$ cat input.csv   # CSV, C-alpha atoms (C1' of nucleotides)
chain,number,residue,atom,x,y,z
A,174,MET,CA,137.5,-39.0,162.1
A,175,LEU,CA,140.7,-40.5,163.5
A,176,ARG,CA,143.1,-38.1,162.1
A,177,LEU,CA,146.8,-38.9,162.5
A,178,SER,CA,148.9,-36.0,163.8
A,179,THR,CA,151.4,-34.4,161.4
A,180,LYS,CA,154.1,-35.3,163.8
A,181,GLY,CA,153.4,-39.0,163.2
A,182,GLN,CA,153.2,-38.4,159.5
A,183,TYR,CA,156.4,-36.5,159.3
A,184,GLY,CA,158.1,-39.0,161.4
A,185,VAL,CA,157.2,-41.8,159.1
A,186,ARG,CA,158.2,-39.8,156.1
A,187,ALA,CA,161.5,-38.9,157.7
A,188,MET,CA,162.2,-42.5,158.5
A,189,PHE,CA,161.5,-43.4,155.0
A,190,GLU,CA,164.0,-40.9,153.7
A,191,ILE,CA,166.6,-42.2,156.1
A,192,ALA,CA,165.9,-45.7,155.1
A,193,ARG,CA,166.6,-44.9,151.5
A,194,GLY,CA,170.1,-44.1,152.4
A,195,TYR,CA,170.6,-47.2,154.4
A,196,PRO,CA,173.0,-48.6,155.3
A,197,ASP,CA,175.9,-46.3,154.4
A,198,ARG,CA,174.8,-42.8,153.8
A,199,PRO,CA,173.9,-40.6,156.8
A,200,LEU,CA,171.3,-38.0,156.0
A,201,THR,CA,171.4,-34.6,157.5
A,202,ILE,CA,168.3,-33.0,159.0
A,203,ARG,CA,168.5,-30.4,156.4
A,204,GLU,CA,168.3,-32.9,153.5
A,205,ILE,CA,165.4,-34.7,155.1
A,206,ALA,CA,163.6,-31.4,155.7
A,207,GLU,CA,164.0,-30.3,152.2
A,208,ARG,CA,162.9,-33.6,150.6
A,209,GLN,CA,159.9,-34.0,152.8
A,210,ASP,CA,159.1,-30.3,153.0
A,211,VAL,CA,159.1,-30.0,156.8
A,212,SER,CA,160.8,-27.3,158.9
A,213,VAL,CA,164.2,-28.2,160.3
A,214,ALA,CA,163.4,-27.1,163.8
A,215,TYR,CA,160.3,-29.3,164.0
A,216,LEU,CA,162.2,-32.3,162.5
A,217,GLU,CA,164.8,-31.9,165.2
A,218,GLN,CA,162.2,-32.6,167.8
A,219,ILE,CA,160.9,-35.6,166.0
A,220,LEU,CA,164.2,-37.2,165.2
A,221,GLY,CA,165.3,-36.6,168.7
A,222,GLN,CA,162.4,-38.7,170.0
A,223,LEU,CA,163.1,-41.4,167.5
A,224,ARG,CA,166.8,-41.4,168.3
A,225,ARG,CA,166.2,-41.7,172.1
A,226,ALA,CA,163.9,-44.6,171.3
A,227,GLY,CA,166.7,-46.4,169.5
A,228,LEU,CA,165.2,-46.4,166.1
A,229,ILE,CA,167.8,-44.3,164.5
A,230,ARG,CA,171.3,-43.1,165.5
A,231,SER,CA,173.0,-39.9,164.8
A,232,ILE,CA,176.5,-39.0,163.8
A,233,ARG,CA,177.7,-35.5,164.8
A,234,GLY,CA,180.1,-33.2,163.1
A,235,PRO,CA,180.7,-32.5,159.5
A,236,GLY,CA,179.7,-35.4,157.3
A,237,GLY,CA,177.3,-36.5,160.0
A,238,GLY,CA,173.6,-37.1,160.0
A,239,TYR,CA,171.1,-39.8,160.8
A,240,LEU,CA,171.1,-43.5,160.1
A,241,LEU,CA,168.7,-46.3,160.8
A,242,ALA,CA,169.7,-48.3,163.9
A,243,LYS,CA,168.4,-51.5,162.4
A,244,LYS,CA,167.5,-52.9,159.0
A,245,PRO,CA,164.5,-51.3,157.3
A,246,GLY,CA,162.8,-54.7,157.5
A,247,ASP,CA,163.0,-54.7,161.2
A,248,ILE,CA,161.3,-51.4,161.8
A,249,PRO,CA,157.6,-51.6,161.6
A,250,ILE,CA,155.6,-48.5,161.2
A,251,ALA,CA,153.9,-49.2,164.5
A,252,ALA,CA,157.2,-48.6,166.2
A,253,VAL,CA,157.7,-45.2,164.7
A,254,LEU,CA,154.2,-44.1,165.5
A,255,GLY,CA,154.3,-45.6,168.9
A,256,VAL,CA,157.3,-43.5,169.8
A,257,LEU,CA,155.8,-40.3,168.4
A,258,GLU,CA,152.2,-40.7,169.5
A,259,GLY,CA,152.1,-43.3,172.2
A,260,PRO,CA,150.1,-46.5,172.0
A,261,VAL,CA,147.0,-46.8,170.0
A,262,ALA,CA,144.3,-45.8,172.4
A,263,LEU,CA,141.1,-44.9,170.7
A,264,THR,CA,139.5,-44.1,174.0
A,265,SER,CA,140.8,-43.2,177.5
A,266,CYS,CA,138.9,-46.3,178.3
A,267,ILE,CA,141.6,-48.3,176.6
A,268,ASP,CA,144.6,-46.3,177.3
A,269,PRO,CA,146.9,-48.3,179.5
A,270,ARG,CA,148.0,-45.0,181.1
A,271,GLU,CA,144.5,-44.2,182.3
A,272,GLY,CA,142.3,-47.3,182.6
A,273,CYS,CA,138.6,-47.9,182.4
A,274,VAL,CA,136.5,-47.2,185.5
A,275,ARG,CA,133.5,-49.0,184.2
A,276,VAL,CA,134.8,-51.9,182.1
A,277,GLU,CA,131.9,-54.2,182.9
A,278,HIS,CA,129.3,-51.6,182.1
A,279,CYS,CA,131.1,-50.3,179.1
A,280,VAL,CA,129.6,-52.3,176.2
A,281,THR,CA,131.7,-50.6,173.7
A,282,HIS,CA,134.9,-51.3,175.5
A,283,LEU,CA,135.4,-54.5,173.5
A,284,LEU,CA,134.7,-52.7,170.3
A,285,TRP,CA,137.4,-50.1,170.7
A,286,LYS,CA,139.7,-52.7,172.0
A,287,ALA,CA,139.2,-54.9,168.9
A,288,LEU,CA,139.6,-52.0,166.5
A,289,GLY,CA,142.7,-50.9,168.3
A,290,ASP,CA,144.2,-54.3,168.0
A,291,GLN,CA,143.3,-54.4,164.3
A,292,ILE,CA,145.1,-51.1,163.7
A,293,GLU,CA,148.1,-52.1,165.8
A,294,GLY,CA,148.3,-55.4,163.9
A,295,PHE,CA,148.2,-53.7,160.6
A,296,LEU,CA,150.9,-51.2,161.4
A,297,SER,CA,153.0,-53.9,162.9
A,298,SER,CA,152.8,-55.9,159.8
A,299,ILE,CA,154.3,-53.2,157.6
A,300,THR,CA,157.9,-52.2,157.9
A,301,LEU,CA,160.1,-49.5,156.4
A,302,GLY,CA,161.4,-52.3,154.2
A,303,ASN,CA,157.9,-52.8,152.8
A,304,LEU,CA,157.5,-49.1,152.2
A,305,LEU,CA,160.8,-49.0,150.3
A,306,ALA,CA,159.6,-51.8,148.1
A,307,GLY,CA,156.2,-50.4,147.7
A,308,ASP,CA,154.6,-53.4,149.4
A,309,VAL,CA,151.6,-51.7,150.8
A,310,GLY,CA,148.0,-52.4,150.6
A,311,GLY,CA,148.5,-55.7,148.8
A,312,VAL,CA,145.3,-57.0,150.3
A,313,PRO,CA,142.7,-54.4,149.8
A,314,GLN,CA,140.1,-55.9,151.9
A,315,VAL,CA,140.4,-58.0,154.9
A,316,LYS,CA,137.8,-60.3,156.2
A,317,THR,CA,135.5,-58.9,158.7
A,318,ALA,CA,136.7,-59.1,162.3
A,319,VAL,CA,133.3,-59.9,163.7
A,320,LYS,CA,132.5,-63.4,164.6
A,321,ARG,CA,129.2,-64.0,162.9
A,322,THR,CA,126.9,-66.7,163.9
A,323,LYS,CA,128.5,-70.1,164.2
A,324,LYS,CA,127.5,-71.3,160.8
A,325,ASP,CA,129.7,-68.9,158.9
A,326,HIS,CA,133.1,-70.4,159.0
A,327,ALA,CA,136.0,-68.2,157.9
A,328,THR,CA,137.0,-69.1,154.4
A,329,GLN,CA,140.5,-68.0,155.0
B,228,MET,CA,147.6,-42.1,168.9
B,229,LEU,CA,144.4,-42.1,167.0
B,230,ARG,CA,142.1,-41.0,169.7
B,231,LEU,CA,138.4,-41.1,169.0
B,232,SER,CA,136.5,-38.0,170.1
B,233,THR,CA,134.1,-38.3,173.0
B,234,LYS,CA,131.4,-37.2,170.6
B,235,GLY,CA,131.8,-40.3,168.6
B,236,GLN,CA,132.0,-42.5,171.7
B,237,TYR,CA,128.9,-41.0,173.3
B,238,GLY,CA,127.1,-41.3,170.0
B,239,VAL,CA,127.8,-45.0,169.7
B,240,ARG,CA,126.8,-45.6,173.3
B,241,ALA,CA,123.6,-43.6,172.9
B,242,MET,CA,122.7,-45.6,169.8
B,243,PHE,CA,123.4,-48.8,171.8
B,244,GLU,CA,120.9,-47.7,174.5
B,245,ILE,CA,118.3,-46.8,171.9
B,246,ALA,CA,118.8,-50.1,170.2
B,247,ARG,CA,118.1,-51.9,173.4
B,248,GLY,CA,114.6,-50.5,173.4
B,249,TYR,CA,114.1,-51.4,169.8
B,250,PRO,CA,111.6,-51.6,168.3
B,251,ASP,CA,108.8,-50.4,170.6
B,252,ARG,CA,110.1,-48.3,173.4
B,253,PRO,CA,111.2,-44.8,172.7
B,254,LEU,CA,114.0,-43.6,175.0
B,255,THR,CA,114.1,-40.0,176.2
B,256,ILE,CA,117.3,-38.1,176.1
B,257,ARG,CA,117.2,-37.9,179.9
B,258,GLU,CA,117.2,-41.7,180.2
B,259,ILE,CA,120.0,-42.1,177.8
B,260,ALA,CA,122.0,-39.4,179.5
B,261,GLU,CA,121.6,-41.0,182.9
B,262,ARG,CA,122.4,-44.5,181.8
B,263,GLN,CA,125.5,-43.5,179.8
B,264,ASP,CA,126.5,-40.7,182.1
B,265,VAL,CA,126.6,-37.9,179.6
B,266,SER,CA,125.1,-34.4,179.9
B,267,VAL,CA,121.6,-33.9,178.4
B,268,ALA,CA,122.6,-30.8,176.6
B,269,TYR,CA,125.6,-32.4,174.9
B,270,LEU,CA,123.5,-35.4,174.0
B,271,GLU,CA,120.9,-33.2,172.3
B,272,GLN,CA,123.5,-32.0,169.8
B,273,ILE,CA,124.7,-35.5,169.1
B,274,LEU,CA,121.2,-37.0,168.7
B,275,GLY,CA,120.2,-34.1,166.6
B,276,GLN,CA,123.0,-35.0,164.1
B,277,LEU,CA,122.0,-38.6,164.1
B,278,ARG,CA,118.4,-37.8,163.5
B,279,ARG,CA,119.1,-35.5,160.6
B,280,ALA,CA,121.2,-38.2,159.1
B,281,GLY,CA,118.3,-40.6,159.3
B,282,LEU,CA,119.7,-43.1,161.7
B,283,ILE,CA,117.1,-42.4,164.4
B,284,ARG,CA,113.8,-40.7,164.5
B,285,SER,CA,112.2,-38.8,167.3
B,286,ILE,CA,108.7,-38.5,168.8
B,287,ARG,CA,107.9,-35.3,170.5
B,288,GLY,CA,105.7,-34.6,173.5
B,289,PRO,CA,105.0,-36.7,176.6
B,290,GLY,CA,105.8,-40.3,176.1
B,291,GLY,CA,108.1,-39.4,173.3
B,292,GLY,CA,111.7,-40.0,172.8
B,293,TYR,CA,114.1,-41.6,170.3
B,294,LEU,CA,113.8,-44.8,168.2
B,295,LEU,CA,116.0,-46.4,165.7
B,296,ALA,CA,115.0,-45.7,162.2
B,297,LYS,CA,116.2,-49.1,161.0
B,298,LYS,CA,116.9,-52.5,162.4
B,299,PRO,CA,120.0,-52.7,164.7
B,300,GLY,CA,121.5,-55.2,162.2
B,301,ASP,CA,121.3,-52.6,159.5
B,302,ILE,CA,123.2,-49.9,161.3
B,303,PRO,CA,126.9,-50.4,161.2
B,304,ILE,CA,129.1,-48.5,163.6
B,305,ALA,CA,130.8,-46.8,160.7
B,306,ALA,CA,127.5,-45.1,159.9
B,307,VAL,CA,127.2,-43.6,163.4
B,308,LEU,CA,130.8,-42.4,163.5
B,309,GLY,CA,130.6,-41.2,159.9
B,310,VAL,CA,127.8,-38.9,160.8
B,311,LEU,CA,129.4,-37.5,164.0
B,312,GLU,CA,133.0,-37.3,162.8
B,313,GLY,CA,133.1,-37.4,159.1
B,314,PRO,CA,134.9,-40.0,157.0
B,315,VAL,CA,137.9,-41.8,158.1
B,316,ALA,CA,140.7,-39.6,157.0
B,317,LEU,CA,144.0,-40.3,158.7
B,318,THR,CA,145.7,-37.5,156.8
B,319,SER,CA,144.5,-34.5,154.9
B,320,CYS,CA,146.3,-36.2,152.1
B,321,ILE,CA,143.4,-38.7,152.1
B,322,ASP,CA,140.5,-36.6,153.1
B,323,PRO,CA,138.1,-36.4,150.1
B,324,ARG,CA,137.3,-32.8,151.2
B,325,GLU,CA,140.9,-31.7,150.8
B,326,GLY,CA,142.9,-33.9,148.4
B,327,CYS,CA,146.5,-34.6,148.0
B,328,VAL,CA,148.8,-32.1,146.2
B,329,ARG,CA,151.6,-34.5,145.9
B,330,VAL,CA,150.2,-37.9,145.4
B,331,GLU,CA,152.9,-39.2,143.3
B,332,HIS,CA,155.7,-38.0,145.6
B,333,CYS,CA,153.9,-39.1,148.7
B,334,VAL,CA,155.2,-42.5,149.4
B,335,THR,CA,153.1,-42.9,152.5
B,336,HIS,CA,149.9,-42.1,150.7
B,337,LEU,CA,149.2,-45.7,150.0
B,338,LEU,CA,149.9,-46.6,153.5
B,339,TRP,CA,147.4,-44.3,155.0
B,340,LYS,CA,144.9,-45.2,152.4
B,341,ALA,CA,145.3,-48.9,153.2
B,342,LEU,CA,145.0,-48.4,156.9
B,343,GLY,CA,142.0,-46.2,156.4
B,344,ASP,CA,140.3,-48.8,154.3
B,345,GLN,CA,141.1,-51.4,156.9
B,346,ILE,CA,139.5,-49.3,159.7
B,347,GLU,CA,136.5,-48.5,157.5
B,348,GLY,CA,136.0,-52.1,156.7
B,349,PHE,CA,136.1,-53.1,160.3
B,350,LEU,CA,133.7,-50.5,161.5
B,351,SER,CA,131.4,-51.4,158.6
B,352,SER,CA,131.4,-55.0,159.5
B,353,ILE,CA,130.0,-54.4,163.0
B,354,THR,CA,126.5,-53.3,163.5
B,355,LEU,CA,124.5,-52.3,166.5
B,356,GLY,CA,123.0,-55.7,166.3
B,357,ASN,CA,126.4,-57.3,166.8
B,358,LEU,CA,126.9,-55.0,169.7
B,359,LEU,CA,123.7,-56.0,171.3
B,360,ALA,CA,124.6,-59.7,170.9
B,361,GLY,CA,128.1,-59.1,172.2
B,362,ASP,CA,129.6,-60.2,168.8
B,363,VAL,CA,132.7,-58.2,168.8
B,364,GLY,CA,136.3,-59.0,168.5
B,365,GLY,CA,135.8,-62.6,167.8
B,366,VAL,CA,138.9,-62.7,165.7
B,367,PRO,CA,141.6,-61.1,167.8
B,368,GLN,CA,144.2,-61.0,165.1
B,369,VAL,CA,143.8,-60.6,161.4
B,370,LYS,CA,146.3,-61.7,158.8
B,371,THR,CA,148.8,-59.1,157.8
B,372,ALA,CA,147.6,-56.8,155.1
B,373,VAL,CA,151.0,-56.6,153.4
B,374,LYS,CA,152.1,-58.8,150.6
B,375,ARG,CA,155.5,-59.8,151.7
B,376,THR,CA,158.4,-60.3,149.3
B,377,LYS,CA,158.6,-63.7,147.9
B,378,LYS,CA,161.7,-64.8,149.8
B,379,ASP,CA,160.3,-64.1,153.2
B,380,HIS,CA,157.5,-66.5,153.6
B,381,ALA,CA,155.2,-65.7,156.5
B,382,THR,CA,155.8,-68.1,159.3
B,383,GLN,CA,152.3,-67.4,160.5
C,287,DG,C1',189.6,-23.5,166.3
C,288,DA,C1',186.2,-23.0,162.9
C,289,DA,C1',182.7,-25.2,160.7
C,290,DT,C1',179.2,-28.5,160.8
C,291,DA,C1',175.6,-30.7,162.9
C,292,DC,C1',173.0,-32.5,166.7
C,293,DT,C1',170.5,-31.2,171.6
C,294,DT,C1',167.5,-29.1,174.6
C,295,DG,C1',163.9,-26.5,176.6
C,296,DA,C1',160.9,-22.6,176.6
C,297,DC,C1',157.5,-20.3,174.4
C,298,DA,C1',153.6,-18.8,170.8
C,299,DT,C1',149.6,-19.5,168.2
C,300,DA,C1',145.6,-21.6,166.3
C,301,DA,C1',142.3,-25.0,165.8
C,302,DA,C1',139.5,-28.5,167.7
C,303,DC,C1',137.2,-30.5,171.5
C,304,DA,C1',133.9,-30.7,175.0
C,305,DG,C1',130.4,-28.9,177.1
C,306,DT,C1',126.9,-25.0,178.7
C,307,DA,C1',123.2,-21.9,178.4
C,308,DG,C1',118.9,-20.3,177.1
C,309,DG,C1',115.1,-19.9,174.4
C,310,DC,C1',111.8,-22.2,171.1
C,311,DT,C1',108.4,-25.6,169.1
C,312,DA,C1',105.5,-29.7,169.1
C,313,DT,C1',102.5,-33.0,171.4
C,314,DT,C1',99.8,-34.9,174.9
C,315,DT,C1',97.2,-34.8,179.1
C,316,DT,C1',94.0,-32.7,182.2
D,5,DA,C1',92.7,-24.0,177.0
D,6,DA,C1',96.5,-24.5,180.0
D,7,DA,C1',100.0,-27.1,181.8
D,8,DA,C1',103.3,-30.4,181.5
D,9,DT,C1',106.4,-33.1,178.8
D,10,DA,C1',109.7,-33.7,175.5
D,11,DG,C1',112.4,-32.6,171.7
D,12,DC,C1',114.9,-28.6,168.7
D,13,DC,C1',118.2,-25.1,167.7
D,14,DT,C1',122.0,-21.8,167.9
D,15,DA,C1',125.4,-19.3,170.0
D,16,DC,C1',129.0,-19.0,173.2
D,17,DT,C1',133.0,-20.3,176.0
D,18,DG,C1',136.8,-22.5,178.5
D,19,DT,C1',140.4,-26.0,177.9
D,20,DT,C1',143.4,-28.8,175.7
D,21,DT,C1',146.2,-30.4,172.0
D,22,DA,C1',148.6,-29.8,167.8
D,23,DT,C1',152.0,-27.5,165.4
D,24,DG,C1',155.5,-25.2,165.2
D,25,DT,C1',159.3,-21.4,166.2
D,26,DC,C1',163.3,-19.6,168.7
D,27,DA,C1',167.5,-19.3,171.1
D,28,DA,C1',171.3,-21.0,173.2
D,29,DG,C1',174.2,-24.9,173.9
D,30,DT,C1',177.2,-29.2,173.1
D,31,DA,C1',179.8,-32.6,170.5
D,32,DT,C1',182.7,-33.9,166.4
D,33,DT,C1',185.5,-33.5,162.5
D,34,DC,C1',188.7,-31.2,159.3

$ encode --input "input.csv" --output "structure tokens"
Amino acid sequence: MLRLSTKGQYGVRAMFEIARGYPDRPLTIREIAERQDVSVAYLEQILGQLRRAGLIRSIRGPGGGYLLAKKPGDIPIAAVLGVLEGPVALTSCIDPREGCVRVEHCVTHLLWKALGDQIEGFLSSITLGNLLAGDVGGVPQVKTAVKRTKKDHATQ
Amino acid sequence: MLRLSTKGQYGVRAMFEIARGYPDRPLTIREIAERQDVSVAYLEQILGQLRRAGLIRSIRGPGGGYLLAKKPGDIPIAAVLGVLEGPVALTSCIDPREGCVRVEHCVTHLLWKALGDQIEGFLSSITLGNLLAGDVGGVPQVKTAVKRTKKDHATQ
DNA sequence: GAATACTTGACATAAACAGTAGGCTATTTT
DNA sequence: AAAATAGCCTACTGTTTATGTCAAGTATTC
């Protein structure tokens, strides 16, 4: 369940490659494609989206390529995925572009909303900088996001 | 990004309806279908899977219908979705049924793994019982799951 | 002005999703 | 026993989305 599209995956991996060269060395599409084993043509599409969104910038002509538009630490994974796949919207019920016709009847609405926020929060908390440093998954398990009965106070 | 299939959504909603009748009143497919506005034929498939997985049990003949096989508090949402959609596997890289050919090269592997665990943990922490009680999303934002570098101390 | 590299949009294919259809079996009621 | 009720099972199909490919063009540098 909940599979991420390859587009999103490739996008993140491409950004990672570009980040490695930051700040001086522009990477050509060809280099990225080879290192991450993705077709050049497909990458063009992906990088195009990311560029238009302002996450990277391109330099044309010989010696050109792609560069990050900001510092790696300022680019959360959520931003990359947001550009390539739109907002986290587990159900059409939640999607801001559609809306829920039956919010008040929809018991599960809150559930999907909460999970979506959880995911969004997680992806926002991790930047390309973290990825470069290998700073991922430091906290294996997070406390439950359910408010249990009053007596159980969050220990953290 | 990360859309949940309707099958999973319907499944959870159906389980919720069944849970409302717990423990005495069996619900017919027809009732569930009407209340949750899903086709009977489609629901049959879904409930069949849930039944074979042991989450619900059925009673045939007049007066029959579906009942929860356990207490609502013992059925986490993760179990329902797991049956209907398989394990959380954001990437084929993570899917236990496929496996990753390039684990050590795959920088993002850890990232997807961590996110998957996060989601799994969340969905495991919420049961049908919580849903019945409206106990969802009590904690809107969870602390970041990334261990930041020492110099950048989290301001919040 | 030639080489390099990015830009754009149309198109092809395959897989997954979402749902339908139809017939069958079990149980209860009359 | 017959009829009515309710679940059980499998196959099929239309639609959408994902995943790319291809071809032709534009900008920049050497």

$ atom_distance --input "input.csv" --atom1 "atom C1' of DA8 of chain D" --atom2 "atom C1' of DT306 of chain C"
24.4 Å

$ atom_distance --input "input.csv" --atom1 "atom CA of Val256 of chain A" --atom2 "atom CA of Gly294 of chain A"
16.0 Å

$ interface_residues --input "input.csv" --of "chain A" --to "chain C" --cutoff "7 Å" --atoms "all atoms listed in the file" --output "ChimeraX atom specification"
/A:233-235,237

$ closest_residue --input "input.csv" --among "D:DA22, D:DA7, D:DC34, D:DC13" --to "chain B" --atoms "all atoms listed in the file"
D:DC13

$ atom_distance --input "input.csv" --atom1 "atom CA of Lys297 of chain B" --atom2 "atom CA of Val267 of chain B"
23.7 Å

$ interface_residues --input "input.csv" --of "chain A" --to "chain D" --cutoff "12 Å" --atoms "all atoms listed in the file" --output "list in words"
Arg176, Leu177, Ser178, Thr179, Lys180, Gly181, Tyr183, Val211, Ser212, Val213, Ala214, Tyr215, Leu216, Glu217, Gln218, Ile219, Ser231, Ile232, Arg233, Gly234, Pro235, Gly236, Gly237, Gly238 and Glu258 of chain A

$ write_last_selection --input "input.csv" --atoms "C-alpha atoms" --output "mmCIF file, in the coordinates of the input"
data_model
loop_
_atom_site.group_PDB
_atom_site.id
_atom_site.type_symbol
_atom_site.label_atom_id
_atom_site.label_comp_id
_atom_site.auth_asym_id
_atom_site.auth_seq_id
_atom_site.Cartn_x
_atom_site.Cartn_y
_atom_site.Cartn_z
ATOM 1 C CA ARG A 176 143.100 -38.100 162.100
ATOM 2 C CA LEU A 177 146.800 -38.900 162.500
ATOM 3 C CA SER A 178 148.900 -36.000 163.800
ATOM 4 C CA THR A 179 151.400 -34.400 161.400
ATOM 5 C CA LYS A 180 154.100 -35.300 163.800
ATOM 6 C CA GLY A 181 153.400 -39.000 163.200
ATOM 7 C CA TYR A 183 156.400 -36.500 159.300
ATOM 8 C CA VAL A 211 159.100 -30.000 156.800
ATOM 9 C CA SER A 212 160.800 -27.300 158.900
ATOM 10 C CA VAL A 213 164.200 -28.200 160.300
ATOM 11 C CA ALA A 214 163.400 -27.100 163.800
ATOM 12 C CA TYR A 215 160.300 -29.300 164.000
ATOM 13 C CA LEU A 216 162.200 -32.300 162.500
ATOM 14 C CA GLU A 217 164.800 -31.900 165.200
ATOM 15 C CA GLN A 218 162.200 -32.600 167.800
ATOM 16 C CA ILE A 219 160.900 -35.600 166.000
ATOM 17 C CA SER A 231 173.000 -39.900 164.800
ATOM 18 C CA ILE A 232 176.500 -39.000 163.800
ATOM 19 C CA ARG A 233 177.700 -35.500 164.800
ATOM 20 C CA GLY A 234 180.100 -33.200 163.100
ATOM 21 C CA PRO A 235 180.700 -32.500 159.500
ATOM 22 C CA GLY A 236 179.700 -35.400 157.300
ATOM 23 C CA GLY A 237 177.300 -36.500 160.000
ATOM 24 C CA GLY A 238 173.600 -37.100 160.000
ATOM 25 C CA GLU A 258 152.200 -40.700 169.500
#

$ residues_around --input "input.csv" --residues "segment 305-309 of chain B" --least-positions-apart "2" --cutoff "9 Å" --atoms "all atoms listed in the file" --output "list of chain:residue names"
A:Met174, B:Lys234, B:Gly235, B:Gln236, B:Gly238, B:Val239, B:Met242, B:Leu277, B:Leu282, B:Ile302, B:Pro303, B:Leu311, B:Glu312, B:Gly313, B:Pro314, B:Val315, B:Glu347, B:Gly348, B:Phe349, B:Leu350, B:Ser351, B:Ser352, B:Ile353, B:Thr354

$ closest_residue --input "input.csv" --among "B:Asp264, B:Asp301, B:Glu258, B:Asp251" --to "chain A" --atoms "all atoms listed in the file"
B:Asp264

$ closest_residue --input "input.csv" --among "B:Leu229, B:Arg257, B:Ala246, B:His336" --to "chain A" --atoms "all atoms listed in the file"
B:Leu229

$ closest_residue --input "input.csv" --among "B:Val334, B:Ala360, B:Phe243, B:Leu317" --to "chain A" --atoms "all atoms listed in the file"
B:Leu317

$ closest_residue --input "input.csv" --among "B:Leu295, B:Gly275, B:Arg240, B:Thr318" --to "Leu338 of chain B" --atoms "all atoms listed in the file"
B:Thr318

$ closest_residue --input "input.csv" --among "B:Arg279, B:Arg252, B:Arg284, B:Arg262" --to "chain A" --atoms "only C-alpha atoms"
B:Arg262

$ residues_near_point --input "input.csv" --point "(152.8, -49.3, 149.6)" --cutoff "9 Å" --atoms "only C-alpha atoms (C1' of nucleotides)" --output "number ranges by chain"
A: 303-311; B: 334-338, 341, 373
